[in-house]
Every structure is written in C-alpha cells, then in structure tokens.
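Quick notes on the structure that follows.
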Amino acid sequence: MRYEGTVYRPPSEAYSLIVQVTIGCSHNQCTFCSMYKDKKFRIRQISEIIKDLEAARVHYKSIKRVFLADGNALVLKIEDLKTILKKINELFPECERVGIYSAPKDILRKTVEELKSLNELGLGIAYLGIESGSDEILKSIKKGVTAEEMIEAGRKIIRSGISLSTTIISGLGGVERWKEHAIESARVVNAINPQYLGLLTLLLEEETELYREVQDGTFQLLSPEEIMKETHLFIQQLQVKDCMLRSNHPSNYVSLQGILPQDQSKLLLHLEEALENGERYRDEFFRRL
C-alpha cells in the first residue's frame, strides 16, 4: 500500500483497510482543522487505486472493511466510485462494508439514485462532519455550507440506504455562542435523524486560523464545565429515533454512550453528576491525555 502524508480515519474504521482515493481535502478551509494543510488536493488515478487494492489482496488474508480516504472521497465522479467499489467486490468477496468521508457539497452534487447505486455496490456508511447547526458559526469556521444545505445532504444519504455517521464539535461556538451552538446543532441533527452521532470537543492546533483567533482574543474557549453545560443543553434538545450517540473520544471531558431516545434521561443525569463533581472529572480527563 502507498500512502501520502498523514492518513486520517474515523475511530470505527480502526481495523479497516485504508485506501487513499484522494490526497487531502478539496475544501480544506475550515478554521479549526489542520488535518490536510500539508497536502495539495488531488484525485488519484483509478489505475493507482486498483494497484493498491491488488497489493492489499496479496498481503492480507481477510479484509472485512474498507475505508476510502482522504478528506472527501465522495468528490469523485460516480462512475469512478463505481469502478472502485466493483474492484473491491471482486478482490474482497468477504468485505462486509465500505466507508467514506463525505463533505456536504459532494453529497449535494449527487442524486439519490446515484448514491443508491453506490450503496448497492457495498458503500455502507458515510461520515459527515456537521460541526455546528448554526449558520453564523458555520460561516465563521468557513465550512462552506449553510445549516439547511447540511440537512439536505444528510437526508439524501439516508434516503439512499447508506448509513450516516455525523459529528458535532462541542465548544465550537465559544463563550459567545454556546447556547446557539447547542440548540441549532440539535435542530439540524433532529432534522436529519442520523443512525450515528458523535460528539468531539474542540481541540486547538497551532497551525489553524482558530488558534490565532484564540491568541488575539477574538474567540474565547469554553471551560470544561461550560462544555458539559453545552452538551447537556444539546442532548436535552435532541428528538431523534434509533440514534447511537457517542461522546467517548479522548477529547471529551465526560464519556457518554447510549441509544436515543431511550437513554436520553440517563445521559443527562450522567452529565449532571459530572457537573456536580467537576474537579474529579477534570482529573480523570487529564489522566487520559
């Protein structure tokens, strides 16, 4: 396998074969993200991708999952994606699922029927970074889409039969917009009703634009207690069905996991306990780092 630069994948793809379909991210403007700043975006040649798949078949006895990287492999033309998926089916008949990062604009450029055709060829899950449901916050972080476009993109994936895993970044509204971030993010998630919802906590990277905003005082980070209050308000506002919520990334101050709506009260109580015992939870968080 040939890889260029640092390769990123969702936590649930830890044991997947990672194949770089693109190098970097075609958008690559989000103010909080440093993941692909060292790469110039390009789409790899299909012949190169197929050679990598053939090499993996030689080296690995069994491959149950494949993940198509980098930042937004769904940017490829539909026929090229079909070619890749057909090759995966041919080489790895044991493969149970193919996953992909999906930027909202790339989803919106494809029809539901096109996405259905990818699902029929084995594309089983798409990962969508909602980040925030607030138009003002989305604009400030240079996400490049509105909340309504995010809703349309998420619904389109679900209508196609592909499972949808979404993420919200806690603290992304800062001190000024924490309530707006919680309430509007819940509104967008409710409108989409994804199968999976992950919460990450904002972590600053020195080379990002948001880091510079914190340094010059134009953006104020939330404290751990404020993050927990925001998370409590966000979960309180959720009205989804059969949605697996996870907030157990190393960045999170409190580990949460449950199925909504049945575990909603339990999750809220856990956060209330954490707020009452803030110092203990802070110590546990820093021990994990």
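To be explicit about the labels: the chains of the structure tokens are called A, B, and onward in the order shown, and within each one the residues are counted from 1, while ligands get numbers from 1 in the order they are shown.
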
Sort by chain and increasing residue number a table of all residues of range 18-51 of chain A within 12 Å of range 79-90 of chain A, each with its closest pair of atoms and their distance in Å to one decimal, counting only C-alpha atoms, and write it as CSV.
```
residue,atom,partner,partner_atom,distance
A:Val19,CA,A:Ile84,CA,10.3
A:Gln20,CA,A:Ile84,CA,11.4
A:Val21,CA,A:Ile84,CA,9.0
A:Thr22,CA,A:Leu81,CA,11.5
A:Ile43,CA,A:Asp80,CA,10.6
A:Arg44,CA,A:Asp80,CA,10.7
A:Gln45,CA,A:Asp80,CA,9.7
A:Ile46,CA,A:Asp80,CA,7.2
A:Ser47,CA,A:Ile84,CA,9.7
A:Glu48,CA,A:Ile84,CA,10.8
A:Ile49,CA,A:Ile84,CA,7.7
A:Ile50,CA,A:Ile84,CA,7.1
A:Lys51,CA,A:Lys87,CA,10.3
```

| said: Can you pull out the residues contacting Tyr196 in chain A? Cut-off 9 Å, using only C-alpha atoms, and skip same-chain residues under 6 positions away; I want them as a PyMOL selection string. | reply: chain A and resi 163-167+242-246

Please produce a file of the residues just selected, as a PDB file, in the first residue's frame, where the atoms kept are N, CA and C atoms.
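For reference, again-v4.pdb as written:
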```pdb
ATOM      1  N   SER A 163     -25.863   4.185   5.567  1.00  0.00           N
ATOM      2  CA  SER A 163     -25.908   4.636   6.958  1.00  0.00           C
ATOM      3  C   SER A 163     -25.118   5.931   7.097  1.00  0.00           C
ATOM      4  N   LEU A 164     -25.577   6.797   8.009  1.00  0.00           N
ATOM      5  CA  LEU A 164     -24.949   8.103   8.177  1.00  0.00           C
ATOM      6  C   LEU A 164     -24.416   8.267   9.596  1.00  0.00           C
ATOM      7  N   SER A 165     -23.137   8.598   9.672  1.00  0.00           N
ATOM      8  CA  SER A 165     -22.494   8.899  10.950  1.00  0.00           C
ATOM      9  C   SER A 165     -22.106  10.367  10.949  1.00  0.00           C
ATOM     10  N   THR A 166     -22.634  11.124  11.895  1.00  0.00           N
ATOM     11  CA  THR A 166     -22.413  12.571  11.927  1.00  0.00           C
ATOM     12  C   THR A 166     -21.620  12.972  13.164  1.00  0.00           C
ATOM     13  N   THR A 167     -20.988  14.148  13.092  1.00  0.00           N
ATOM     14  CA  THR A 167     -20.254  14.665  14.248  1.00  0.00           C
ATOM     15  C   THR A 167     -20.621  16.122  14.506  1.00  0.00           C
ATOM     16  N   ASP A 242     -33.757   5.946  17.260  1.00  0.00           N
ATOM     17  CA  ASP A 242     -32.804   4.885  16.919  1.00  0.00           C
ATOM     18  C   ASP A 242     -31.454   5.459  16.503  1.00  0.00           C
ATOM     19  N   CYS A 243     -30.961   6.393  17.288  1.00  0.00           N
ATOM     20  CA  CYS A 243     -29.679   7.046  17.009  1.00  0.00           C
ATOM     21  C   CYS A 243     -28.676   6.693  18.101  1.00  0.00           C
ATOM     22  N   MET A 244     -27.534   6.140  17.693  1.00  0.00           N
ATOM     23  CA  MET A 244     -26.464   5.822  18.635  1.00  0.00           C
ATOM     24  C   MET A 244     -25.620   7.060  18.869  1.00  0.00           C
ATOM     25  N   LEU A 245     -25.610   7.556  20.112  1.00  0.00           N
ATOM     26  CA  LEU A 245     -24.798   8.720  20.458  1.00  0.00           C
ATOM     27  C   LEU A 245     -23.541   8.266  21.185  1.00  0.00           C
ATOM     28  N   ARG A 246     -22.408   8.798  20.731  1.00  0.00           N
ATOM     29  CA  ARG A 246     -21.137   8.506  21.396  1.00  0.00           C
ATOM     30  C   ARG A 246     -20.407   9.816  21.664  1.00  0.00           C
TER      31      ARG A 246
END
```

| Residues at most 8 Å from range 265-270 of chain A, counting only C-alpha atoms, excluding those fewer than 6 positions away in the same chain, as a list in words? | His232, Ile235, Gln236, Leu256, Gln257 and Gly258 of chain A

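Put simply, CA of Ile227 in chain A is 9.6 Å away from CA of Val175 in chain A.
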
| request: For each of A:Ile157, A:Lys143, A:Lys105, A:Pro93, take the minimum atom-to-atom distance to Asn119 in chain A, counting only C-alpha atoms, then give the residue where this is smallest. | output: A:Ile157

| remark: If you count only C-alpha atoms, the residue of A:Gly171, A:Gly71, A:Gly122, A:Gly144 closest to Leu203 in chain A turns out to be A:Gly171

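CA of Tyr127 in chain A lies 7.7 Å from CA of Gly99 in chain A.
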
| message | Please identify the strand (DSSP E) residues within range 83-253 of chain A (assignment by DSSP from backbone atoms) and present them as a PyMOL selection string. | response | chain A and resi 97-101+123-131+163-170+196-201+243-247

| request: From a DSSP pass on the backbone, collect the residues of range 153-213 of chain A flagged as alpha helix (DSSP H) and hand them back as number ranges by chain. | output: A: 153-159, 178-192, 209-213
